[in-house]
2 protein chains.
Amino acid sequence: MAQGKKSTIKDVAREANVSISVVSYVLNASAKKSITPETRERVLAAASRLKYVPNHAASGMRRNRSMVIGVVSYWELDGMVFTDMLRGIMREAAGSGYRVMLCHKDSQADDKAYLDYYKERSVDGILFISPHESLGLIDEADHIRLMRESGVPFVMMNGSTNDPDVSYVNVDYHASVYLAASHLIGKGHKEIAYAAPMNLRYRELTSRLQGYRDAMAEAGLPERCVDPAELRDCLPELRAVVANKSDTGHAVLEAARVLGIAVPDQLEVIAANTESYSAYLCPPLSTVRIPAERMGEMAVEMLLRRIDGQGVPEVRTPTCTLELRQTCR
Amino acid sequence: MAQGKKSTIKDVAREANVSISVVSYVLNASAKKSITPETRERVLAAASRLKYVPNHAASGMRRNRSMVIGVVSYWELDGMVFTDMLRGIMREAAGSGYRVMLCHKDSQADDKAYLDYYKERSVDGILFISPHESLGLIDEADHIRLMRESGVPFVMMNGSTNDPDVSYVNVDYHASVYLAASHLIGKGHKEIAYAAPMNLRYRELTSRLQGYRDAMAEAGLPERCVDPAELRDCLPELRAVVANKSDTGHAVLEAARVLGIAVPDQLEVIAANTESYSAYLCPPLSTVRIPAERMGEMAVEMLLRRIDGQGVPEVRTPTCTLELRQTCR
DNA sequence: CTGTTAGCGCGTTCAC
DNA sequence: GTGAACGCGCTAACAG
């Protein structure tokens with residue numbers, strides 16, 4: 001029953017008739033120390049008999065490592081990208097013996113409470129997930145500056161500041177749209193419009209737009225950009241649309257429905273990201289899938305290297321893939 | 001610049017010309033110790049000057065409290081309920097000075113790796129989120145038994161085992177469907193069907209069904225249950241449908257579209273839960289909203305009381321609310 | 001009443 | 001293979 005009592009290294013030492021340090025050596029498989037196989041066995045047996053689990057806090061204090069990484073997200077918690085990232089982060093962290101702690105940021109928009117997580121030794125490093133830039137609600141450079149000053153190892157996910165001394169794992173916005181446009185080009189379309197808000201204040205939006213432009217230019221095709229608000233007017237003239245995101249894709253499908261345009265027969269549509277609802281649209285929206293889970297894994301790998309003092313700043317942007325459904329085959 | 005060096009309680013003591021213990025007394029506002037306001041000020045000033053942040057690991061070890069709660073989720077990470085819960089958990093935990101750690105469960109379906117989080121003092125208690133029961137992929141009673149044996153304070157979220165010695169924060173499945181059906185009844189509908197898989201092995205499904213039955217019985221109306229697979233055949237006869245979940249709601253809308261049935265004019269639909277895609281269906285699906293964020297807050301409150309040794313086992317099921325969109329006003 | 005000394009909690013690691 | 005210092009903060013017991 002409620003066994004409660006946790007056993008310590010001392011208990012194991014006593015049980016195995018050895019000194020505390022031997023237990024430590026055996027359990028940590030210290031390379032420099034050679035322990036008699038026989039003693040080793042005694043210790044291992046004692047440990048398992050007592051269901052010994054090392055006190056993480058204590059060992060962390062000694063080695064000055066908490067074996068925990070912090071995740072601070074300005075990205076919406078719902079939404080497929082965050083949850084996918086989280087899965088990747090969890091898997092990779094667990095595989096490396098690290099735990100994952102969610103860092104809160106205090107309600108104030110400008111608060112950096114998460115920095116204390118490092119100062120108080122609760123985390124060894126931080127994975128910082130920037131919001132969709134289209135929201136433009138944080139000063140990323142400022143966060144970077146403060147993290148630098150506090151000395152915390154960190155990796156930016158979905159970052160936009162192009163700081164050469166910082167590690168980034170980014171979404172390949174350019175490629176996501178390039179891929180979508182290329183697919184339509186490959187299907188023989190000559191007139192492919194790009195539907196997206198034409199606000200170019202954020203890198204996310206400019207990168208995506210550029211992806212469209214590059215694809216069209218390489219194919220020698222004319223560009224045509226459409227703002228979601230104007231869809232009702234120009235949709236009848238179009239045969240193929242790349243939407244910057246699934247919400248725009250949704251707007252396109254809505255407009256098509258109202259106008260009586262059949263999708264995909266009269267109009268093909270691809271959106272450059274996947275949301276949890278993409279598959280539920282009517283008809284199910286073809287998309288480009290952002291490899292967020294893989295991004296999470298990569299970010300952890302990079303962060304652990306930085307924590308170890310190895311690894312130099314680098315930028316990685318894993319490639320997207322097509323996820324075709326009904327609105328475009 | 002990279003200031004790195006973290007200051008310790010010793011540094012503060014030296015800076016303020018007092019002993020270590022005084023610093024501790026001041027910073028922890030120890031009731032039993034009265035410190036001269038003047039000394040107090042000196043300490044406070046020194047601490048803020050040095051940007052002192054207590055070493056969480058060290059203090060935790062001494063007080064035998066990590067000030068961290070663990071979250072282990074068998075619920076899908078995507079999906080609105082989990083992310084909503086997470087938000088509530090984070091807010092409430094932060095407000096009480098607690099941190100949140102995500103506990104992994106090792107890939108093996110039957111692994112209880114998360115128990116080590118408590119044994120190694122990484123967490124003071126656990127919030128256990130059960131999966132949709134319809135998935136039926138864990139042995140909840142077994143998890144409860146093991147958590148009990150390990151002595152970890154815990155609260156079950158969305159639990160189904162009806163153990164009187166355990167604290168639960170549950171989804172009010174019964175009320176969610178009851179509410180949806182009552183709304184349709186209030187609108188004057190006489191024939192209201194219930195669309196759901198008719199598998200009754202899981203409490204989630206039976207509770208929902210019972211909610212429908214109770215609402216109908218109280219209004220003296222006849223029951224009519226429909227399996228999602230049979231929708232195409234019987235939908236033309238129906239004027240109002242309660243769907244157990246949004247995915248069934250989606251199936252109803254799909255069938256209606258294929259059959260040329262206008263929603264909501266010829267057919268009204270409400271689903272008894274909200275998913276991130278509910279609003280994106282065509283037309284946007286009216287739903288019942290599960291107060292998952294509130295559930296997260298409540299669960300943390302209850303868990304903290306249990307950690308403190310106060311608080312007795314209790315079951316709480318916060319009430320759902322209507323979230324009307326287009327498929328039913 | 002204010003402040004100090006000393007030991008503790010638990011595991012790591014160096015010197016013997 | 002052992003002993004003991006150490007990391008950092010908390011707090012009981014003690015001194016001024």
# chains A, B, ... in the order shown; residues from 1 in each chain; ligands from 1
$ select_by_dssp --residues "stretch 12-151 of chain B" --states "alpha helix (DSSP H)" --output "JSON, numbers by chain"
{"B": [12, 13, 14, 15, 16, 20, 21, 22, 23, 24, 25, 26, 27, 28, 37, 38, 39, 40, 41, 42, 43, 44, 45, 46, 47, 48, 49, 56, 57, 58, 59, 60, 61, 62, 63, 80, 81, 82, 83, 84, 85, 86, 87, 88, 89, 90, 91, 92, 93, 94, 95, 114, 115, 116, 117, 118, 119, 140, 141, 142, 143, 144, 145, 146, 147, 148, 149, 150]}
$ closest_atom_pairs --of "chain C" --to "chain B" --cutoff "8 Å" --atoms "only C-alpha atoms (C1' of nucleotides)" --output "Markdown table"
| residue | atom | partner | partner_atom | distance |
| --- | --- | --- | --- | --- |
| C:DC1 | C1' | B:Ser34 | CA | 7.6 |
| C:DT2 | C1' | B:Ile35 | CA | 6.4 |
| C:DG3 | C1' | B:Val22 | CA | 7.1 |
| C:DT4 | C1' | B:Ser19 | CA | 6.8 |
| C:DC8 | C1' | B:Arg62 | CA | 7.8 |
| C:DG9 | C1' | B:Arg62 | CA | 5.5 |
$ write_last_selection --atoms "all heavy atoms" --output "compact mmCIF listing (two decimals), in the first residue's frame"
# COMPACT_ATOMS: atom_id res chain seq x y z
P DC C 1 9.40 40.99 21.85
OP1 DC C 1 8.25 41.84 21.51
OP2 DC C 1 9.21 39.56 22.08
O5' DC C 1 10.49 41.13 20.69
C5' DC C 1 11.14 42.38 20.69
C4' DC C 1 12.51 42.27 20.10
O4' DC C 1 13.35 41.37 20.87
C3' DC C 1 12.56 41.74 18.65
O3' DC C 1 13.20 42.74 17.86
C2' DC C 1 13.41 40.48 18.73
C1' DC C 1 14.27 40.76 19.96
N1 DC C 1 14.83 39.55 20.63
C2 DC C 1 16.20 39.51 20.89
O2 DC C 1 16.90 40.48 20.56
N3 DC C 1 16.75 38.41 21.51
C4 DC C 1 15.96 37.40 21.85
N4 DC C 1 16.53 36.35 22.45
C5 DC C 1 14.55 37.42 21.60
C6 DC C 1 14.03 38.49 21.00
P DT C 2 13.13 42.70 16.31
OP1 DT C 2 12.87 44.06 15.78
OP2 DT C 2 12.26 41.58 15.90
O5' DT C 2 14.64 42.36 15.95
C5' DT C 2 15.66 43.28 16.36
C4' DT C 2 17.02 42.65 16.13
O4' DT C 2 17.24 41.56 17.03
C3' DT C 2 17.24 42.11 14.72
O3' DT C 2 18.43 42.69 14.21
C2' DT C 2 17.36 40.61 14.91
C1' DT C 2 17.90 40.53 16.34
N1 DT C 2 17.64 39.26 17.05
C2 DT C 2 18.70 38.63 17.65
O2 DT C 2 19.84 39.06 17.62
N3 DT C 2 18.38 37.46 18.32
C4 DT C 2 17.13 36.89 18.43
O4 DT C 2 16.97 35.85 19.06
C5 DT C 2 16.06 37.59 17.77
C7 DT C 2 14.68 37.06 17.83
C6 DT C 2 16.36 38.73 17.11
P DG C 3 18.88 42.45 12.69
OP1 DG C 3 19.66 43.61 12.25
OP2 DG C 3 17.72 41.98 11.92
O5' DG C 3 19.90 41.24 12.89
C5' DG C 3 21.12 41.49 13.58
C4' DG C 3 21.83 40.18 13.87
O4' DG C 3 20.97 39.31 14.64
C3' DG C 3 22.21 39.38 12.61
O3' DG C 3 23.62 39.18 12.62
C2' DG C 3 21.46 38.06 12.75
C1' DG C 3 21.24 37.98 14.26
N9 DG C 3 20.10 37.15 14.64
C8 DG C 3 18.78 37.30 14.24
N7 DG C 3 17.99 36.39 14.75
C5 DG C 3 18.82 35.58 15.49
C6 DG C 3 18.53 34.42 16.26
O6 DG C 3 17.44 33.87 16.42
N1 DG C 3 19.68 33.90 16.87
C2 DG C 3 20.93 34.44 16.76
N2 DG C 3 21.92 33.81 17.40
N3 DG C 3 21.22 35.51 16.05
C4 DG C 3 20.13 36.03 15.44
P DT C 4 24.36 38.41 11.44
OP1 DT C 4 25.54 39.19 11.02
OP2 DT C 4 23.35 38.00 10.45
O5' DT C 4 24.89 37.13 12.22
C5' DT C 4 25.65 37.31 13.40
C4' DT C 4 25.98 35.95 13.99
O4' DT C 4 24.77 35.31 14.46
C3' DT C 4 26.61 34.99 12.99
O3' DT C 4 27.80 34.41 13.52
C2' DT C 4 25.54 33.94 12.74
C1' DT C 4 24.74 33.97 14.04
N1 DT C 4 23.32 33.60 13.85
C2 DT C 4 22.81 32.51 14.50
O2 DT C 4 23.46 31.81 15.24
N3 DT C 4 21.48 32.26 14.26
C4 DT C 4 20.64 32.99 13.44
O4 DT C 4 19.47 32.67 13.30
C5 DT C 4 21.24 34.11 12.77
C7 DT C 4 20.43 34.95 11.85
C6 DT C 4 22.54 34.37 13.00
P DC C 8 23.44 16.69 11.01
OP1 DC C 8 23.22 15.65 12.01
OP2 DC C 8 24.65 16.70 10.14
O5' DC C 8 22.17 16.75 10.05
C5' DC C 8 20.97 17.40 10.47
C4' DC C 8 20.18 17.77 9.24
O4' DC C 8 20.70 18.99 8.66
C3' DC C 8 20.26 16.70 8.14
O3' DC C 8 18.96 16.33 7.77
C2' DC C 8 21.01 17.38 7.01
C1' DC C 8 20.73 18.86 7.26
N1 DC C 8 21.77 19.77 6.73
C2 DC C 8 21.38 20.85 5.95
O2 DC C 8 20.18 21.01 5.71
N3 DC C 8 22.32 21.69 5.49
C4 DC C 8 23.62 21.50 5.78
N4 DC C 8 24.52 22.36 5.30
C5 DC C 8 24.04 20.39 6.58
C6 DC C 8 23.10 19.56 7.04
P DG C 9 18.71 14.87 7.25
OP1 DG C 9 17.59 14.35 8.02
OP2 DG C 9 20.01 14.18 7.19
O5' DG C 9 18.24 15.12 5.76
C5' DG C 9 17.21 16.07 5.45
C4' DG C 9 17.24 16.30 3.97
O4' DG C 9 18.15 17.39 3.69
C3' DG C 9 17.77 15.08 3.21
O3' DG C 9 16.85 14.66 2.22
C2' DG C 9 19.08 15.54 2.59
C1' DG C 9 18.98 17.06 2.61
N9 DG C 9 20.28 17.70 2.84
C8 DG C 9 21.30 17.21 3.61
N7 DG C 9 22.35 17.99 3.64
C5 DG C 9 22.00 19.06 2.83
C6 DG C 9 22.73 20.21 2.47
O6 DG C 9 23.87 20.52 2.82
N1 DG C 9 22.00 21.04 1.62
C2 DG C 9 20.73 20.80 1.18
N2 DG C 9 20.20 21.70 0.39
N3 DG C 9 20.03 19.72 1.51
C4 DG C 9 20.72 18.90 2.33
$ residues_around --residues "stretch 113-125 of chain A" --least-positions-apart "2" --cutoff "10 Å" --atoms "only C-alpha atoms (C1' of nucleotides)" --output "VMD selection string"
(chain A and resid 57 60 to 61 64 to 72 98 to 108 110 to 111 127 to 128 143 146 to 147 150 to 155 300 303 to 304 306 to 308) or (chain B and resid 4 to 8 51 to 59 66 68 99)
$ residues_around --residues "A:Pro228" --least-positions-apart "3" --cutoff "12 Å" --atoms "only C-alpha atoms (C1' of nucleotides)" --output "PyMOL selection string"
chain A and resi 193-199+225+231-235+241-255
$ write_last_selection --atoms "C-alpha atoms" --output "PDB file, in the first residue's frame"
ATOM      1  CA  ALA A 193      -3.409  33.029 -58.232  1.00  0.00           C
ATOM      2  CA  TYR A 194      -2.046  33.576 -54.761  1.00  0.00           C
ATOM      3  CA  ALA A 195      -4.612  34.395 -52.097  1.00  0.00           C
ATOM      4  CA  ALA A 196      -3.273  36.028 -48.956  1.00  0.00           C
ATOM      5  CA  PRO A 197      -3.506  39.203 -46.956  1.00  0.00           C
ATOM      6  CA  MET A 198      -1.230  41.646 -48.720  1.00  0.00           C
ATOM      7  CA  ASN A 199       0.229  42.993 -45.537  1.00  0.00           C
ATOM      8  CA  CYS A 225      -2.272  38.133 -56.126  1.00  0.00           C
ATOM      9  CA  LEU A 231     -12.466  36.768 -53.406  1.00  0.00           C
ATOM     10  CA  ARG A 232     -16.106  37.124 -54.321  1.00  0.00           C
ATOM     11  CA  ASP A 233     -15.249  39.407 -57.198  1.00  0.00           C
ATOM     12  CA  CYS A 234     -12.410  37.600 -58.847  1.00  0.00           C
ATOM     13  CA  LEU A 235     -12.935  33.960 -58.007  1.00  0.00           C
ATOM     14  CA  VAL A 241      -5.410  29.161 -56.194  1.00  0.00           C
ATOM     15  CA  VAL A 242      -2.629  28.861 -53.686  1.00  0.00           C
ATOM     16  CA  ALA A 243      -3.796  30.075 -50.278  1.00  0.00           C
ATOM     17  CA  ASN A 244      -1.201  31.264 -47.817  1.00  0.00           C
ATOM     18  CA  LYS A 245      -2.822  29.407 -44.953  1.00  0.00           C
ATOM     19  CA  SER A 246      -5.761  27.146 -44.269  1.00  0.00           C
ATOM     20  CA  ASP A 247      -7.944  29.968 -43.044  1.00  0.00           C
ATOM     21  CA  THR A 248      -7.560  31.700 -46.372  1.00  0.00           C
ATOM     22  CA  GLY A 249      -8.183  28.358 -48.028  1.00  0.00           C
ATOM     23  CA  HIS A 250     -11.379  28.156 -46.035  1.00  0.00           C
ATOM     24  CA  ALA A 251     -12.364  31.606 -47.252  1.00  0.00           C
ATOM     25  CA  VAL A 252     -11.743  30.511 -50.826  1.00  0.00           C
ATOM     26  CA  LEU A 253     -13.937  27.451 -50.413  1.00  0.00           C
ATOM     27  CA  GLU A 254     -16.672  29.538 -48.836  1.00  0.00           C
ATOM     28  CA  ALA A 255     -16.596  32.007 -51.674  1.00  0.00           C
TER      29      ALA A 255
END
$ interface_residues --of "chain D" --to "chain B" --cutoff "12 Å" --atoms "only C-alpha atoms (C1' of nucleotides)" --output "JSON, numbers by chain"
{"D": [7, 8, 9, 10, 11, 12]}
$ residues_around --residues "A:Thr321" --least-positions-apart "2" --cutoff "10 Å" --atoms "only C-alpha atoms (C1' of nucleotides)" --output "number ranges by chain"
A: 175-176, 179-180, 272-273, 287-291, 318-319, 323-324
$ closest_residue --among "B:Ile89, B:Met156, B:Leu44, B:Val226" --to "chain A" --atoms "only C-alpha atoms"
B:Ile89
$ residues_around --residues "D:DA13" --least-positions-apart "6" --cutoff "12 Å" --atoms "only C-alpha atoms (C1' of nucleotides)" --output "list of chain:residue names"
C:DT4, C:DT5, C:DA6, C:DG7
$ atom_distance --atom1 "atom CA of B:Gln310" --atom2 "atom CA of B:Met298"
15.1 Å
